Each structure stands twice: as structure tokens, then as C-alpha cells.
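Asker: Quick one, coords18.pdb (PDB, C-alpha atoms):
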```
ATOM      1  CA  MET A   1      -7.511 -17.046 -20.590
ATOM      2  CA  SER A   2      -9.617 -19.198 -18.375
ATOM      3  CA  GLU A   3     -11.943 -17.813 -15.777
ATOM      4  CA  GLY A   4     -11.075 -17.751 -12.075
ATOM      5  CA  GLU A   5     -13.015 -19.676  -9.472
ATOM      6  CA  ASP A   6     -15.307 -16.716  -8.874
ATOM      7  CA  GLY A   7     -16.155 -16.180 -12.577
ATOM      8  CA  THR A   8     -13.698 -13.349 -13.142
ATOM      9  CA  GLU A   9     -10.658 -13.317 -15.353
ATOM     10  CA  PRO A  10      -7.586 -14.541 -13.404
ATOM     11  CA  HIS A  11      -5.895 -11.115 -13.511
ATOM     12  CA  GLU A  12      -9.012  -9.528 -11.953
ATOM     13  CA  ARG A  13      -9.506 -12.119  -9.227
ATOM     14  CA  VAL A  14      -9.822 -10.853  -5.678
ATOM     15  CA  ILE A  15      -7.998 -13.010  -3.178
ATOM     16  CA  ARG A  16     -10.196 -13.187  -0.117
ATOM     17  CA  MET A  17      -7.153 -13.027   2.103
ATOM     18  CA  THR A  18      -6.687  -9.790   4.007
ATOM     19  CA  THR A  19      -4.840  -8.598   7.061
ATOM     20  CA  ALA A  20      -4.900  -5.477   9.192
ATOM     21  CA  LEU A  21      -2.925  -3.774  11.919
ATOM     22  CA  ASP A  22      -3.971  -1.132  14.444
ATOM     23  CA  LEU A  23      -1.396   1.640  14.330
ATOM     24  CA  ASP A  24      -1.993   3.175  17.745
ATOM     25  CA  GLY A  25       0.977   3.553  20.019
ATOM     26  CA  ASP A  26       4.564   4.450  19.428
ATOM     27  CA  GLY A  27       6.663   4.411  16.278
ATOM     28  CA  SER A  28       7.355   0.672  16.631
ATOM     29  CA  ARG A  29       4.169   0.077  14.631
ATOM     30  CA  ILE A  30       6.010   1.275  11.521
ATOM     31  CA  ALA A  31       8.414  -1.680  11.671
ATOM     32  CA  GLN A  32       5.544  -4.027  12.582
ATOM     33  CA  ALA A  33       3.610  -2.833   9.527
ATOM     34  CA  ARG A  34       6.596  -3.544   7.246
ATOM     35  CA  HIS A  35       7.055  -7.039   8.714
ATOM     36  CA  LEU A  36       3.324  -7.767   8.478
ATOM     37  CA  THR A  37       3.402  -6.742   4.806
ATOM     38  CA  ALA A  38       6.283  -9.109   3.987
ATOM     39  CA  ASP A  39       4.663 -11.971   5.925
ATOM     40  CA  PHE A  40       1.288 -11.349   4.266
ATOM     41  CA  LEU A  41       2.793 -11.397   0.768
ATOM     42  CA  ALA A  42       4.766 -14.572   1.529
ATOM     43  CA  LYS A  43       1.507 -16.213   2.641
ATOM     44  CA  VAL A  44      -0.264 -15.011  -0.518
ATOM     45  CA  ARG A  45       2.526 -16.565  -2.611
ATOM     46  CA  ALA A  46       2.476 -19.859  -0.678
ATOM     47  CA  GLU A  47      -1.286 -20.305  -0.288
ATOM     48  CA  HIS A  48      -2.541 -18.873  -3.582
ATOM     49  CA  GLY A  49       0.401 -19.488  -5.904
ATOM     50  CA  LEU A  50       0.532 -15.877  -7.044
ATOM     51  CA  SER A  51       3.753 -14.495  -8.427
ATOM     52  CA  VAL A  52       5.171 -12.132  -5.820
ATOM     53  CA  SER A  53       8.644 -10.840  -6.600
ATOM     54  CA  GLN A  54      11.178  -9.680  -4.042
ATOM     55  CA  ARG A  55      10.913  -6.250  -5.638
ATOM     56  CA  GLY A  56       7.129  -6.321  -5.203
ATOM     57  CA  VAL A  57       7.573  -7.076  -1.497
ATOM     58  CA  GLU A  58      10.154  -4.325  -1.103
ATOM     59  CA  LEU A  59       8.014  -1.724  -2.890
ATOM     60  CA  ALA A  60       4.972  -2.684  -0.803
ATOM     61  CA  GLN A  61       7.062  -2.362   2.362
ATOM     62  CA  LEU A  62       8.339   1.038   1.215
ATOM     63  CA  ALA A  63       4.799   2.298   0.563
ATOM     64  CA  VAL A  64       3.599   0.924   3.913
ATOM     65  CA  SER A  65       6.523   2.541   5.718
ATOM     66  CA  GLU A  66       5.822   5.962   4.207
ATOM     67  CA  LEU A  67       2.046   5.837   4.741
ATOM     68  CA  VAL A  68       2.234   4.512   8.303
ATOM     69  CA  THR A  69       4.936   7.059   9.169
ATOM     70  CA  ASN A  70       2.679   9.861   7.904
ATOM     71  CA  ALA A  71      -0.272   8.553   9.924
ATOM     72  CA  HIS A  72       1.940   8.334  13.019
ATOM     73  CA  LYS A  73       3.352  11.843  12.531
ATOM     74  CA  TYR A  74       0.267  13.760  11.450
ATOM     75  CA  ALA A  75      -2.860  12.014  12.787
ATOM     76  CA  PRO A  76      -3.757  12.705  16.418
ATOM     77  CA  GLY A  77      -5.922   9.647  16.993
ATOM     78  CA  PRO A  78      -6.381   6.034  15.995
ATOM     79  CA  ALA A  79      -5.117   4.674  12.692
ATOM     80  CA  ARG A  80      -5.322   1.302  10.974
ATOM     81  CA  MET A  81      -3.661  -0.374   7.983
ATOM     82  CA  HIS A  82      -5.396  -2.948   5.762
ATOM     83  CA  LEU A  83      -3.830  -5.125   3.058
ATOM     84  CA  ARG A  84      -5.621  -7.162   0.412
ATOM     85  CA  VAL A  85      -4.759  -8.626  -2.950
ATOM     86  CA  VAL A  86      -6.754  -7.700  -6.035
ATOM     87  CA  GLY A  87      -5.546  -9.503  -9.144
ATOM     88  CA  ASP A  88      -1.813  -8.891  -9.422
ATOM     89  CA  THR A  89      -1.784  -5.910  -7.052
ATOM     90  CA  VAL A  90      -1.598  -5.540  -3.290
ATOM     91  CA  GLU A  91      -3.925  -2.799  -2.116
ATOM     92  CA  ILE A  92      -2.682  -0.886   0.916
ATOM     93  CA  VAL A  93      -5.157   1.238   2.856
ATOM     94  CA  VAL A  94      -4.126   3.427   5.778
ATOM     95  CA  ARG A  95      -6.993   5.089   7.624
ATOM     96  CA  ASP A  96      -6.401   7.751  10.235
ATOM     97  CA  SER A  97      -8.347  10.326  12.205
ATOM     98  CA  GLU A  98      -6.796  13.441  10.649
ATOM     99  CA  PRO A  99      -9.393  15.103   8.387
ATOM    100  CA  SER A 100      -6.835  17.159   6.434
ATOM    101  CA  LEU A 101      -5.997  15.534   3.122
ATOM    102  CA  PRO A 102      -2.314  15.153   2.279
ATOM    103  CA  THR A 103      -1.053  16.989  -0.744
ATOM    104  CA  PRO A 104       2.025  15.635  -2.468
ATOM    105  CA  ARG A 105       4.523  18.400  -3.066
ATOM    106  CA  ASP A 106       6.307  19.109  -6.299
ATOM    107  CA  ALA A 107       9.668  17.424  -6.608
ATOM    108  CA  ASP A 108      12.452  19.516  -5.119
ATOM    109  CA  ALA A 109      15.910  17.992  -4.877
ATOM    110  CA  ALA A 110      16.968  20.745  -2.464
ATOM    111  CA  ARG A 111      14.207  19.942   0.058
ATOM    112  CA  VAL A 112      15.326  17.748   2.931
ATOM    113  CA  GLY A 113      12.645  15.254   3.909
ATOM    114  CA  GLN A 114       8.921  15.246   3.203
ATOM    115  CA  HIS A 115       9.275  13.227   0.000
ATOM    116  CA  GLY A 116       7.165  10.271   1.190
ATOM    117  CA  LEU A 117       4.048  10.860  -0.904
ATOM    118  CA  GLU A 118       6.173  11.662  -3.958
ATOM    119  CA  ILE A 119       7.874   8.290  -3.573
ATOM    120  CA  VAL A 120       4.626   6.415  -3.004
ATOM    121  CA  LYS A 121       2.969   8.004  -6.032
ATOM    122  CA  LEU A 122       5.981   7.109  -8.161
ATOM    123  CA  ILE A 123       6.014   3.403  -7.249
ATOM    124  CA  ALA A 124       2.254   2.871  -7.056
ATOM    125  CA  ARG A 125      -0.051   1.649  -9.797
ATOM    126  CA  PHE A 126      -2.710   3.881  -8.267
ATOM    127  CA  PHE A 127      -2.896   6.438  -5.462
ATOM    128  CA  GLU A 128      -6.093   7.799  -3.969
ATOM    129  CA  VAL A 129      -7.039   9.820  -0.909
ATOM    130  CA  ARG A 130     -10.589   9.481   0.374
ATOM    131  CA  GLN A 131     -12.339  11.688   2.896
ATOM    132  CA  GLU A 132     -13.909   9.540   5.623
ATOM    133  CA  PRO A 133     -16.606  10.495   8.159
ATOM    134  CA  ALA A 134     -13.907  10.627  10.861
ATOM    135  CA  GLY A 135     -10.654  11.343   9.037
ATOM    136  CA  LYS A 136      -9.296  10.007   5.768
ATOM    137  CA  SER A 137      -7.898   6.951   4.063
ATOM    138  CA  VAL A 138      -4.975   6.748   1.680
ATOM    139  CA  VAL A 139      -5.217   3.875  -0.807
ATOM    140  CA  VAL A 140      -2.378   2.679  -3.019
ATOM    141  CA  GLY A 141      -1.826  -0.316  -5.235
ATOM    142  CA  ILE A 142       1.571  -1.937  -5.666
ATOM    143  CA  ALA A 143       2.376  -4.570  -8.309
ATOM    144  CA  LEU A 144       3.037  -7.997  -6.823
ATOM    145  CA  ALA A 145       5.543  -8.908  -9.526
ATOM    146  CA  ASP A 146       7.904  -6.908 -11.686
ATOM    147  CA  ASP A 147       6.430  -5.277 -14.749
ATOM    148  CA  VAL A 148       8.537  -6.590 -17.607
ATOM    149  CA  GLY A 149      10.492  -3.860 -19.336
ATOM    150  CA  ASP A 150       9.606  -1.101 -16.880
ATOM    151  CA  ALA A 151      12.284   0.666 -14.884
ATOM    152  CA  LEU A 152       9.631   1.548 -12.306
ATOM    153  CA  THR A 153       6.460  -0.229 -11.265
ATOM    154  CA  GLY A 154       4.138   2.760 -11.253
ATOM    155  CA  PRO A 155       2.374   4.467 -14.156
ATOM    156  CA  HIS A 156       4.900   7.291 -14.205
ATOM    157  CA  ALA A 157       7.687   5.138 -15.650
TER     158      ALA A 157
END
```
With the file now loaded, output its structure as C-alpha cells.

Answerer:
Amino acid sequence: MSEGEDGTEPHERVIRMTTALDLDGDGSRIAQARHLTADFLAKVRAEHGLSVSQRGVELAQLAVSELVTNAHKYAPGPARMHLRVVGDTVEIVVRDSEPSLPTPRDADAARVGQHGLEIVKLIARFFEVRQEPAGKSVVVGIALADDVGDALTGPHA
């Protein structure tokens, strides 16, 4: 493998392209966050030549939808979403003002609703919750392209 422009291996390269969205306001920000994610990944594909599959876009939009919905429902104050590409992964960060850390629940087919974090953890390459000075951030990584041979993108496949 040849080295990237910044001296790293190509699969480790950080694309210096990022985007963000303030999530204050009504629930319309959820749809805006999904659209921003698709537009951002299309731009990454066009401007940087990275392989971004339709499935990668859809999984990123699903993760964004779940995380932004949770921030909208459970955080009383300002929230913000950031996207950036690291190697072959899009990193999604949702910061909000709620200091309580989310705890994914055990799978329960009889439970109606509240499966968002279960879904995100299943499709994500990584999932992390960080305590912040004024709230928390939830960080997930979604594969840009399909993992060959895997039924699911995440490590739980």
C-alpha cells in the first residue's frame, strides 16, 4: 500500500472535510440531519473519490436519525451534530446538554419502541458515549462501503 498525502496509510487517512448542524428547534432537524448526511457523503465521494455505497449512506442516515431523535427527545438544551470521515468510516458525533448517559437496553422483542441505541450499536463499527463538561456526546462510526461477506456492517455480525 502506498502512503496517503499526509503520511498515513490510505485506510487511516483523515479527510479534512467535516460538516455540522445545530439541532435546536423542532423535530424538523431530524430530517435535516438525514439530508445533510446524504449530501455530505455524496460530496465526500465526488471530491475525494472514496467508495461510499448506498448502504453506507442509508446506515449513516439511520444512525443519525436515531441519535438526533434521542437528543431532541431527552436533552433540554442545545444540541449539535458533527460528521467527519476517518479512513473508510464516517464518524457521527451528537452532543447535547443532558448529563445523563444513555444506556442501551437488552433486546426485547415484546418492547414497543426505545430500540434506537440497540440498532445503532448493531450497525456501527464503534459506539462510545463521552461525558462532557456540559452534557454528553455520543460517537459512532459507520462503514462508508459494504463490508464484503458481512450480513451487517457492525462488529456484532

Asker: Mind listing as a PyMOL selection string all residues within 9 Å of (-9.0, 10.5, 16.8), counting all atoms listed in the file?

Answerer: chain A and resi 75-79+96-98+134-135

Asker: So how many Å separate atom CA of Arg130 of chain A and atom CA of Ala145 of chain A, to one decimal?

Answerer: 26.4 Å

Asker: With the PyMOL selection byres ((chain A and resi 48-63) around 10) as the selection, what would be picked from this file? Answer as a PyMOL selection string, please.

Answerer: chain A and resi 15+17+30-31+33-47+64-69+83+85+87-92+116-117+119-121+123-124+140-147+153

Asker: What are the centre and the three edge lengths of an axis-aligned box that wraps all atoms of segment 77-82 of chain A in the file, given that 5 Å is added to every side, written as AutoDock Vina command-line options and rounded to one decimal in Å?

Answerer:
```
--center_x -5.0 --center_y 3.3 --center_z 11.4 --size_x 12.7 --size_y 22.6 --size_z 21.2
```

Asker: Please evaluate the PyMOL selection byres ((chain A and resi 95) around 7) against the displayed coordinates and give the resulting residues as a list in words.

Answerer: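 Listing what the PyMOL selection byres ((chain A and resi 95) around 7) selects in the shown file: Ala79, Arg80, Met81, Val93, Val94, Asp96, Lys136, Ser137 and Val138 of chain A.
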
Asker: Once all heavy atoms are restored for segment 43-54 of chain A, what would the output be as an mmCIF file, in the frame of the given file?

Answerer:
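The file below, out_13.cif, is the result:
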```cif
data_model
loop_
_atom_site.group_PDB
_atom_site.id
_atom_site.type_symbol
_atom_site.label_atom_id
_atom_site.label_comp_id
_atom_site.auth_asym_id
_atom_site.auth_seq_id
_atom_site.Cartn_x
_atom_site.Cartn_y
_atom_site.Cartn_z
ATOM 1 N N LYS A 43 2.664 -15.312 2.475
ATOM 2 C CA LYS A 43 1.507 -16.213 2.641
ATOM 3 C C LYS A 43 0.656 -16.238 1.372
ATOM 4 O O LYS A 43 0.175 -17.292 0.968
ATOM 5 C CB LYS A 43 0.689 -15.756 3.849
ATOM 6 C CG LYS A 43 -0.295 -16.768 4.335
ATOM 7 C CD LYS A 43 -0.902 -16.313 5.664
ATOM 8 C CE LYS A 43 -1.869 -17.350 6.165
ATOM 9 N NZ LYS A 43 -2.485 -16.960 7.433
ATOM 10 N N VAL A 44 0.482 -15.085 0.745
ATOM 11 C CA VAL A 44 -0.264 -15.011 -0.518
ATOM 12 C C VAL A 44 0.427 -15.872 -1.576
ATOM 13 O O VAL A 44 -0.220 -16.626 -2.305
ATOM 14 C CB VAL A 44 -0.384 -13.545 -0.994
ATOM 15 C CG1 VAL A 44 -0.797 -13.456 -2.450
ATOM 16 C CG2 VAL A 44 -1.359 -12.782 -0.115
ATOM 17 N N ARG A 45 1.749 -15.775 -1.654
ATOM 18 C CA ARG A 45 2.526 -16.565 -2.611
ATOM 19 C C ARG A 45 2.368 -18.063 -2.312
ATOM 20 O O ARG A 45 2.095 -18.854 -3.214
ATOM 21 C CB ARG A 45 3.995 -16.178 -2.540
ATOM 22 C CG ARG A 45 4.871 -16.930 -3.535
ATOM 23 C CD ARG A 45 6.368 -16.671 -3.342
ATOM 24 N NE ARG A 45 6.717 -15.262 -3.348
ATOM 25 C CZ ARG A 45 7.435 -14.675 -2.378
ATOM 26 N NH1 ARG A 45 7.867 -15.352 -1.343
ATOM 27 N NH2 ARG A 45 7.725 -13.400 -2.471
ATOM 28 N N ALA A 46 2.508 -18.442 -1.061
ATOM 29 C CA ALA A 46 2.476 -19.859 -0.678
ATOM 30 C C ALA A 46 1.079 -20.463 -0.791
ATOM 31 O O ALA A 46 0.916 -21.579 -1.294
ATOM 32 C CB ALA A 46 2.989 -20.022 0.752
ATOM 33 N N GLU A 47 0.060 -19.739 -0.346
ATOM 34 C CA GLU A 47 -1.286 -20.305 -0.288
ATOM 35 C C GLU A 47 -2.092 -20.150 -1.573
ATOM 36 O O GLU A 47 -3.004 -20.926 -1.815
ATOM 37 C CB GLU A 47 -2.072 -19.696 0.875
ATOM 38 C CG GLU A 47 -1.513 -20.100 2.226
ATOM 39 C CD GLU A 47 -2.333 -19.581 3.387
ATOM 40 O OE1 GLU A 47 -3.454 -19.049 3.168
ATOM 41 O OE2 GLU A 47 -1.843 -19.694 4.532
ATOM 42 N N HIS A 48 -1.753 -19.134 -2.375
ATOM 43 C CA HIS A 48 -2.541 -18.873 -3.582
ATOM 44 C C HIS A 48 -1.730 -19.018 -4.865
ATOM 45 O O HIS A 48 -2.277 -18.868 -5.960
ATOM 46 C CB HIS A 48 -3.180 -17.487 -3.516
ATOM 47 C CG HIS A 48 -4.180 -17.370 -2.401
ATOM 48 N ND1 HIS A 48 -5.453 -17.861 -2.496
ATOM 49 C CD2 HIS A 48 -4.059 -16.848 -1.160
ATOM 50 C CE1 HIS A 48 -6.093 -17.626 -1.364
ATOM 51 N NE2 HIS A 48 -5.270 -17.019 -0.533
ATOM 52 N N GLY A 49 -0.438 -19.270 -4.735
ATOM 53 C CA GLY A 49 0.401 -19.488 -5.904
ATOM 54 C C GLY A 49 0.596 -18.272 -6.776
ATOM 55 O O GLY A 49 0.993 -18.403 -7.941
ATOM 56 N N LEU A 50 0.340 -17.091 -6.246
ATOM 57 C CA LEU A 50 0.532 -15.877 -7.044
ATOM 58 C C LEU A 50 2.009 -15.540 -7.140
ATOM 59 O O LEU A 50 2.780 -15.786 -6.213
ATOM 60 C CB LEU A 50 -0.209 -14.701 -6.412
ATOM 61 C CG LEU A 50 -1.725 -14.726 -6.499
ATOM 62 C CD1 LEU A 50 -2.306 -13.508 -5.816
ATOM 63 C CD2 LEU A 50 -2.186 -14.787 -7.938
ATOM 64 N N SER A 51 2.385 -14.952 -8.242
ATOM 65 C CA SER A 51 3.753 -14.495 -8.427
ATOM 66 C C SER A 51 3.942 -13.216 -7.609
ATOM 67 O O SER A 51 3.253 -12.219 -7.841
ATOM 68 C CB SER A 51 4.007 -14.223 -9.909
ATOM 69 O OG SER A 51 5.311 -13.726 -10.083
ATOM 70 N N VAL A 52 4.838 -13.286 -6.649
ATOM 71 C CA VAL A 52 5.171 -12.132 -5.820
ATOM 72 C C VAL A 52 6.691 -12.019 -5.830
ATOM 73 O O VAL A 52 7.382 -12.849 -5.254
ATOM 74 C CB VAL A 52 4.657 -12.287 -4.370
ATOM 75 C CG1 VAL A 52 5.024 -11.055 -3.551
ATOM 76 C CG2 VAL A 52 3.154 -12.543 -4.332
ATOM 77 N N SER A 53 7.198 -11.005 -6.500
ATOM 78 C CA SER A 53 8.644 -10.840 -6.600
ATOM 79 C C SER A 53 9.200 -10.189 -5.342
ATOM 80 O O SER A 53 8.484 -9.534 -4.575
ATOM 81 C CB SER A 53 8.998 -9.988 -7.820
ATOM 82 O OG SER A 53 8.577 -8.645 -7.612
ATOM 83 N N GLN A 54 10.501 -10.348 -5.160
ATOM 84 C CA GLN A 54 11.178 -9.680 -4.042
ATOM 85 C C GLN A 54 11.021 -8.176 -4.175
ATOM 86 O O GLN A 54 10.802 -7.469 -3.200
ATOM 87 C CB GLN A 54 12.659 -10.070 -3.998
ATOM 88 C CG GLN A 54 13.411 -9.449 -2.839
ATOM 89 C CD GLN A 54 12.873 -9.853 -1.478
ATOM 90 O OE1 GLN A 54 12.420 -10.979 -1.278
ATOM 91 N NE2 GLN A 54 12.895 -8.925 -0.532
#
```
